[in-house]
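*Asks:* Got data21.cif for you, mmCIF, C-alpha atoms:
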```cif
data_entry
loop_
_atom_site.label_atom_id
_atom_site.label_comp_id
_atom_site.auth_asym_id
_atom_site.auth_seq_id
_atom_site.Cartn_x
_atom_site.Cartn_y
_atom_site.Cartn_z
CA MET Z 1 0.00 0.00 0.00
CA ILE Z 2 1.23 3.51 -0.83
CA THR Z 3 0.24 6.31 1.57
CA VAL Z 4 -0.27 9.57 -0.31
CA THR Z 5 -1.56 12.92 0.93
CA GLY Z 6 -2.91 15.62 -1.31
CA LYS Z 7 -5.39 18.43 -1.85
CA LEU Z 8 -8.80 18.43 -3.49
CA ALA Z 9 -9.38 20.57 -6.57
CA ARG Z 10 -12.27 21.02 -9.00
CA ALA Z 11 -11.67 20.54 -12.72
CA GLY Z 12 -14.31 20.26 -15.44
CA GLY Z 13 -17.10 19.64 -12.94
CA LYS Z 14 -15.16 16.84 -11.24
CA VAL Z 15 -13.32 16.69 -7.92
CA VAL Z 16 -9.65 15.85 -8.51
CA VAL Z 17 -7.07 14.75 -5.93
CA VAL Z 18 -3.74 16.50 -6.44
CA PRO Z 19 -0.91 14.55 -4.66
CA ASP Z 20 1.56 16.48 -2.52
CA PHE Z 21 4.40 14.77 -4.41
CA PRO Z 22 4.74 12.96 -7.77
CA ILE Z 23 3.44 9.37 -7.70
CA ASP Z 24 3.62 8.47 -11.41
CA ARG Z 25 6.58 6.14 -10.91
CA GLU Z 26 4.97 4.23 -8.02
CA VAL Z 27 1.64 3.92 -9.83
CA SER Z 28 3.38 2.57 -12.94
CA GLN Z 29 5.72 0.18 -11.13
CA LYS Z 30 3.04 -1.30 -8.87
CA GLN Z 31 0.32 -1.11 -11.54
CA VAL Z 32 -2.06 0.61 -9.16
CA ARG Z 33 -5.66 0.54 -10.41
CA SER Z 34 -7.63 1.74 -7.37
CA ALA Z 35 -7.25 4.08 -4.41
CA GLU Z 36 -8.87 4.85 -1.08
CA ILE Z 37 -9.66 8.48 -0.21
CA ARG Z 38 -10.10 9.77 3.34
CA LEU Z 39 -11.84 13.11 3.75
CA PHE Z 40 -10.48 15.26 6.58
CA ASP Z 41 -13.29 16.71 8.74
CA GLY Z 42 -11.22 19.02 10.96
CA ARG Z 43 -11.18 16.95 14.16
CA GLU Z 44 -9.04 13.98 13.22
CA ILE Z 45 -5.34 13.84 12.36
CA THR Z 46 -4.56 15.95 9.30
CA PRO Z 47 -2.73 14.71 6.20
CA GLU Z 48 0.10 17.11 7.07
CA GLN Z 49 0.42 15.64 10.58
CA ARG Z 50 0.45 12.13 9.13
CA ARG Z 51 3.17 13.16 6.67
CA LYS Z 52 5.28 14.54 9.52
CA VAL Z 53 4.95 11.31 11.52
CA PHE Z 54 6.00 9.18 8.54
CA ALA Z 55 8.91 11.51 7.78
CA LEU Z 56 10.19 11.40 11.36
CA VAL Z 57 9.78 7.62 11.62
CA GLY Z 58 11.54 7.28 8.26
CA ASP Z 59 14.54 9.25 9.52
CA ILE Z 60 14.71 7.16 12.70
CA ALA Z 61 14.38 3.94 10.68
CA TRP Z 62 17.20 4.98 8.33
CA TYR Z 63 19.45 5.79 11.30
CA SER Z 64 18.61 2.63 13.28
CA GLY Z 65 18.38 0.18 10.39
CA HIS Z 66 14.89 -1.00 11.38
CA GLU Z 67 12.00 -1.51 8.97
CA PRO Z 68 9.82 1.65 9.07
CA GLU Z 69 6.43 0.01 9.67
CA TYR Z 70 7.78 -2.16 12.49
CA LEU Z 71 9.51 0.84 14.02
CA ARG Z 72 6.39 3.02 13.78
CA LYS Z 73 4.41 0.47 15.78
CA LEU Z 74 7.21 0.16 18.34
CA LEU Z 75 7.53 3.94 18.75
CA THR Z 76 3.77 4.29 19.03
CA LEU Z 77 3.77 1.77 21.89
CA GLU Z 78 6.60 3.66 23.62
CA PHE Z 79 4.73 6.96 23.25
CA VAL Z 80 1.54 5.40 24.66
CA LYS Z 81 3.51 4.07 27.62
CA ASP Z 82 5.18 7.43 28.30
CA SER Z 83 2.11 9.63 27.77
CA GLY Z 84 -0.66 7.48 29.22
CA GLU Z 85 -2.65 7.82 25.98
CA ASP Z 86 -4.79 4.93 24.76
CA PHE Z 87 -3.40 3.06 21.79
CA PHE Z 88 -4.36 4.84 18.58
CA SER Z 89 -4.26 4.56 14.81
CA LEU Z 90 -2.77 7.17 12.50
CA SER Z 91 -5.77 6.71 10.26
CA ASN Z 92 -8.23 8.43 12.59
CA CYS Z 93 -6.66 9.60 15.88
CA GLU Z 94 -7.41 13.06 17.25
CA LYS Z 95 -5.33 16.02 16.08
CA SER Z 96 -4.13 16.66 19.64
CA VAL Z 97 -2.80 13.10 19.96
CA ALA Z 98 -1.01 13.41 16.61
CA ARG Z 99 0.48 16.75 17.71
CA ASP Z 100 1.81 15.25 20.95
CA PHE Z 101 3.17 12.19 19.12
CA ILE Z 102 5.07 14.44 16.69
CA SER Z 103 6.57 16.38 19.63
CA TRP Z 104 7.53 13.09 21.29
CA LEU Z 105 9.25 11.88 18.10
CA ILE Z 106 11.18 15.14 17.81
CA ASP Z 107 12.29 14.81 21.41
CA PHE Z 108 13.35 11.22 20.65
CA CYS Z 109 15.49 12.45 17.73
CA PHE Z 110 17.15 15.05 19.94
CA THR Z 111 17.77 12.58 22.78
CA TRP Z 112 19.42 10.00 20.54
CA ASN Z 113 21.06 12.48 18.11
CA VAL Z 114 19.17 11.07 15.13
CA PRO Z 115 20.25 12.88 11.93
CA THR Z 116 17.26 14.09 9.92
CA ARG Z 117 16.91 15.13 6.30
CA ASP Z 118 15.28 18.44 7.23
CA THR Z 119 15.51 20.67 10.25
CA LEU Z 120 12.91 19.56 12.79
CA LEU Z 121 11.65 23.13 12.80
CA LEU Z 122 9.83 22.12 9.61
CA GLN Z 123 8.36 18.99 11.21
CA THR Z 124 7.06 20.36 14.49
CA ASP Z 125 3.33 20.70 15.06
CA ASP Z 126 3.75 22.55 18.38
CA ILE Z 127 6.33 25.33 18.10
CA GLY Z 128 6.34 26.05 21.84
CA LYS Z 129 7.19 22.46 22.80
CA TYR Z 130 9.77 22.34 20.02
CA LEU Z 131 11.58 25.47 21.19
CA TYR Z 132 11.53 24.18 24.79
CA SER Z 133 13.00 20.85 23.64
CA CYS Z 134 15.73 22.66 21.69
CA LEU Z 135 16.82 24.41 24.89
CA GLU Z 136 16.58 21.20 26.91
CA HIS Z 137 18.80 19.27 24.50
CA LYS Z 138 20.99 22.20 23.40
CA LYS Z 139 19.97 21.91 19.75
CA CYS Z 140 19.76 24.94 17.48
CA ALA Z 141 16.12 25.90 16.93
CA VAL Z 142 16.87 26.76 13.29
CA CYS Z 143 19.18 24.00 12.02
CA ASN Z 144 19.42 21.52 14.98
CA ASP Z 145 23.22 21.79 15.19
CA THR Z 146 24.83 21.91 18.65
CA ALA Z 147 23.56 25.10 20.28
CA GLN Z 148 24.50 27.72 22.82
CA LEU Z 149 22.19 29.92 24.87
CA HIS Z 150 20.97 33.05 23.11
CA HIS Z 151 19.49 35.66 25.44
CA VAL Z 152 16.42 37.23 23.90
CA ASP Z 153 16.30 39.45 26.98
CA ALA Z 154 19.48 41.55 26.75
CA ILE Z 155 21.58 41.27 29.91
CA GLY Z 156 23.93 44.16 29.27
CA MET Z 157 27.65 44.52 28.68
CA GLY Z 158 30.15 43.79 31.41
CA ARG Z 159 27.84 41.82 33.71
CA ASP Z 160 29.05 38.52 35.16
CA ARG Z 161 26.76 35.99 33.47
CA GLY Z 162 27.68 33.38 36.06
CA LYS Z 163 25.96 35.46 38.73
CA ILE Z 164 22.89 36.48 36.74
CA VAL Z 165 19.62 34.75 37.66
CA HIS Z 166 18.44 33.30 34.34
CA GLU Z 167 15.18 31.81 35.53
CA GLY Z 168 12.32 33.78 34.00
CA MET Z 169 14.45 35.23 31.16
CA LEU Z 170 13.50 34.74 27.50
CA ALA Z 171 16.03 32.65 25.57
CA MET Z 172 16.58 30.50 22.48
CA ALA Z 173 18.94 27.67 21.66
CA LEU Z 174 21.04 28.74 18.65
CA CYS Z 175 24.23 27.46 17.02
CA GLN Z 176 27.15 29.86 16.57
CA LYS Z 177 26.08 30.75 13.03
CA HIS Z 178 22.48 31.59 13.89
CA HIS Z 179 23.47 33.18 17.19
CA THR Z 180 25.67 35.60 15.28
CA GLU Z 181 22.88 36.23 12.76
CA ALA Z 182 20.38 36.95 15.54
CA HIS Z 183 22.64 39.67 16.93
CA ALA Z 184 23.42 41.02 13.46
CA ILE Z 185 19.85 41.51 12.18
CA GLY Z 186 18.08 42.07 15.49
CA ARG Z 187 15.38 40.26 17.41
CA GLU Z 188 12.34 41.28 15.37
CA ALA Z 189 13.86 40.46 11.98
CA PHE Z 190 15.30 37.16 13.20
CA GLU Z 191 12.05 35.95 14.75
CA LYS Z 192 10.10 36.97 11.65
CA LYS Z 193 12.56 35.22 9.31
CA TYR Z 194 12.49 31.85 11.11
CA HIS Z 195 9.09 32.08 12.83
CA ILE Z 196 10.54 31.31 16.24
CA TYR Z 197 10.58 33.18 19.55
CA GLY Z 198 12.15 33.14 22.98
CA ILE Z 199 11.07 30.66 25.66
CA ARG Z 200 10.97 31.75 29.30
CA LEU Z 201 13.56 29.73 31.22
CA ASP Z 202 12.30 27.68 34.15
CA ALA Z 203 14.35 25.94 36.84
CA TYR Z 204 14.59 22.71 34.83
CA LEU Z 205 15.92 24.43 31.70
CA CYS Z 206 18.40 26.43 33.78
CA SER Z 207 19.65 23.14 35.21
CA CYS Z 208 19.99 21.62 31.71
CA LEU Z 209 21.84 24.69 30.45
CA GLY Z 210 24.07 25.05 33.49
CA VAL Z 211 23.01 28.59 34.36
CA LYS Z 212 21.90 30.16 37.64
CA GLU Z 213 18.23 29.43 38.29
CA ASN Z 214 17.46 31.46 41.41
CA ALA Z 215 18.83 34.15 43.68
CA LYS Z 216 20.18 31.76 46.35
#
```
Could you rewrite the structure in this file as C-alpha cells?
*Replies:*
Amino acid sequence: MITVTGKLARAGGKVVVVPDFPIDREVSQKQVRSAEIRLFDGREITPEQRRKVFALVGDIAWYSGHEPEYLRKLLTLEFVKDSGEDFFSLSNCEKSVARDFISWLIDFCFTWNVPTRDTLLLQTDDIGKYLYSCLEHKKCAVCNDTAQLHHVDAIGMGRDRGKIVHEGMLAMALCQKHHTEAHAIGREAFEKKYHIYGIRLDAYLCSCLGVKENAK
C-alpha cells in the first residue's frame, strides 16, 4: 500500500485529488488501479500531521536500520507508555494526539542524536514544545546543530553571566552561526525570518543549560 496525501481541486465539474508529491513512478511500477480516499473533517489527524509522523519515523528507521512500519508500531507503543494515551491509529486519531506524538518523536530524535533530512523546525506541530525541547537538549532551533544559549532578553555589557539569575528570562537555543545572525539583524527580523521566539527559562531548563536558576 502507498500512503499519499494531497489536496482536493475542482476541474471540469469533477473533484480531482492532487498529490503532494509525484506518484507516477509508483503507480506505474506497482500497476495501481484503485485508491482509497479519506476526507479530513477538521477533528481527526490531518494529512500534514500524518506526513510529519512518517517523515520522522523514516529518519529514525534509516538511522537505526529497522523496517519503518515495524519501528512506527514500536515507537507508538513507547509513546503510549510514556504519555498514558490509549493506543491509537494514525488513520483516525485526534489532532491533539497526533500533535503530541510528533513532539515526542522530535524529542526522541534530539535525545538519541538522530540525523534528519530536514531541520525539525519544519516537522514540528507545536512550536512552543519544540523550542523548549531545543533548549533542553541544546539543539539549534533553526538547524538543529549543537547550540548555545541566546538571550532574547538583553543582559547588558560587562555583567558577570555566572551570577545572573536566568530563571524567567526569554532565551533560544542557537548554534554559533544563527546566534551571530540573531545579533546582526536584530530580534524582530530574526524571529520573523524563522518564525521562532524566545522561551521563558524555568528551573529545569536552567539546570539543563548550566546557568543560575534562582537568587540563592
*Asks:* How would you write, as a list in words, the residues chosen by the PyMOL selection byres ((chain Z and resi 79) around 12) on this structure?
*Replies:* Arg72, Lys73, Leu74, Leu75, Thr76, Leu77, Glu78, Val80, Lys81, Asp82, Ser83, Gly84, Glu85, Asp86, Phe87, Phe88, Val97, Ala98, Asp100, Phe101, Ile102, Ser103, Trp104, Leu105, Ile106, Asp107 and Phe108 of chain Z
*Asks:* For the selection you just gave me, I'd like the residues written to a file as a short mmCIF file (atom, residue, chain, number, x, y, z; two decimals), in the coordinates of the input, keeping C-alpha atoms.
*Replies:*
```cif
data_model
loop_
_atom_site.label_atom_id
_atom_site.label_comp_id
_atom_site.auth_asym_id
_atom_site.auth_seq_id
_atom_site.Cartn_x
_atom_site.Cartn_y
_atom_site.Cartn_z
CA ARG Z 72 6.39 3.02 13.78
CA LYS Z 73 4.41 0.47 15.78
CA LEU Z 74 7.21 0.16 18.34
CA LEU Z 75 7.53 3.94 18.75
CA THR Z 76 3.77 4.29 19.03
CA LEU Z 77 3.77 1.77 21.89
CA GLU Z 78 6.60 3.66 23.62
CA VAL Z 80 1.54 5.40 24.66
CA LYS Z 81 3.51 4.07 27.62
CA ASP Z 82 5.18 7.43 28.30
CA SER Z 83 2.11 9.63 27.77
CA GLY Z 84 -0.66 7.48 29.22
CA GLU Z 85 -2.65 7.82 25.98
CA ASP Z 86 -4.79 4.93 24.76
CA PHE Z 87 -3.40 3.06 21.79
CA PHE Z 88 -4.36 4.84 18.58
CA VAL Z 97 -2.80 13.10 19.96
CA ALA Z 98 -1.01 13.41 16.61
CA ASP Z 100 1.81 15.25 20.95
CA PHE Z 101 3.17 12.19 19.12
CA ILE Z 102 5.07 14.44 16.69
CA SER Z 103 6.57 16.38 19.63
CA TRP Z 104 7.53 13.09 21.29
CA LEU Z 105 9.25 11.88 18.10
CA ILE Z 106 11.18 15.14 17.81
CA ASP Z 107 12.29 14.81 21.41
CA PHE Z 108 13.35 11.22 20.65
#
```
*Asks:* For the structure shown, which residues end up in the PyMOL selection byres ((chain Z and resi 182) around 12)? Put them as an MDAnalysis selection string, please?
*Replies:* chainID Z and resid 141:142 149:152 171:181 183:194 196:198
*Asks:* Within 10 Å of stretch 51-56 of chain Z, counting all atoms listed in the file, which residues show up once you throw out same-chain ones fewer than 2 positions away? Write them as a ChimeraX atom specification, please.
*Replies:* /Z:3-5,20,46-49,58-62,68-69,72,90,98-99,101-103,105-106,108-109,114,116-118,120,122-125
*Asks:* Can you work out the spacing between atom CA of Z:Glu94 and atom CA of Z:Arg43 in Å, to one decimal?
*Replies:*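 Going from atom CA of Z:Glu94 over to atom CA of Z:Arg43, I get 6.2 Å.
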*Asks:* What is the distance, in Å and to one decimal place, between atom CA of Z:Arg33 and atom CA of Z:Arg10?
*Replies:*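 Answer for the atom CA of Z:Arg33 to atom CA of Z:Arg10 separation: 21.6 Å.
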*Asks:* What's around Z:Glu44 at 6 Å? Count all atoms listed in the file, leave out sequence neighbours fewer than 5 positions away in its own chain, and write the answer as a ChimeraX atom specification.
*Replies:* /Z:92-95
*Asks:* When the PyMOL selection byres ((chain Z and resi 137) around 8) is applied to the file above, which residues end up in the set, as a ChimeraX atom specification?
*Replies:* /Z:110-111,133-136,138-139,208
*Asks:* Rounded to one decimal in Å, what is the spacing between atom CA of Z:Met169 and atom CA of Z:Glu213?
*Replies:*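 That distance, rounded to one decimal, is 9.9 Å.
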*Asks:* Select, from Z:Val15, Z:Ser96, Z:Tyr132, Z:Asn144, the residue with the minimum atom-to-atom distance to Z:Asp202, counting all atoms listed in the file.
*Replies:*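 Among the listed residues, Z:Tyr132 lies closest to Z:Asp202.
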*Asks:* Write a file for stretch 181-207 of chain Z, containing C-alpha atoms (output as a PDB file, in the first residue's frame).
*Replies:*
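Generated output (out.pdb):
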```
ATOM      1  CA  GLU Z 181      22.883  36.235  12.762  1.00  0.00           C
ATOM      2  CA  ALA Z 182      20.382  36.948  15.541  1.00  0.00           C
ATOM      3  CA  HIS Z 183      22.636  39.668  16.930  1.00  0.00           C
ATOM      4  CA  ALA Z 184      23.416  41.023  13.459  1.00  0.00           C
ATOM      5  CA  ILE Z 185      19.853  41.507  12.182  1.00  0.00           C
ATOM      6  CA  GLY Z 186      18.081  42.068  15.487  1.00  0.00           C
ATOM      7  CA  ARG Z 187      15.382  40.258  17.408  1.00  0.00           C
ATOM      8  CA  GLU Z 188      12.336  41.275  15.370  1.00  0.00           C
ATOM      9  CA  ALA Z 189      13.855  40.462  11.981  1.00  0.00           C
ATOM     10  CA  PHE Z 190      15.301  37.158  13.197  1.00  0.00           C
ATOM     11  CA  GLU Z 191      12.049  35.951  14.746  1.00  0.00           C
ATOM     12  CA  LYS Z 192      10.101  36.970  11.648  1.00  0.00           C
ATOM     13  CA  LYS Z 193      12.565  35.222   9.310  1.00  0.00           C
ATOM     14  CA  TYR Z 194      12.486  31.854  11.105  1.00  0.00           C
ATOM     15  CA  HIS Z 195       9.085  32.075  12.830  1.00  0.00           C
ATOM     16  CA  ILE Z 196      10.543  31.314  16.238  1.00  0.00           C
ATOM     17  CA  TYR Z 197      10.583  33.177  19.549  1.00  0.00           C
ATOM     18  CA  GLY Z 198      12.146  33.144  22.981  1.00  0.00           C
ATOM     19  CA  ILE Z 199      11.067  30.660  25.660  1.00  0.00           C
ATOM     20  CA  ARG Z 200      10.971  31.747  29.301  1.00  0.00           C
ATOM     21  CA  LEU Z 201      13.558  29.727  31.218  1.00  0.00           C
ATOM     22  CA  ASP Z 202      12.304  27.675  34.154  1.00  0.00           C
ATOM     23  CA  ALA Z 203      14.352  25.942  36.844  1.00  0.00           C
ATOM     24  CA  TYR Z 204      14.589  22.712  34.833  1.00  0.00           C
ATOM     25  CA  LEU Z 205      15.925  24.434  31.703  1.00  0.00           C
ATOM     26  CA  CYS Z 206      18.398  26.427  33.778  1.00  0.00           C
ATOM     27  CA  SER Z 207      19.654  23.144  35.211  1.00  0.00           C
TER      28      SER Z 207
END
```
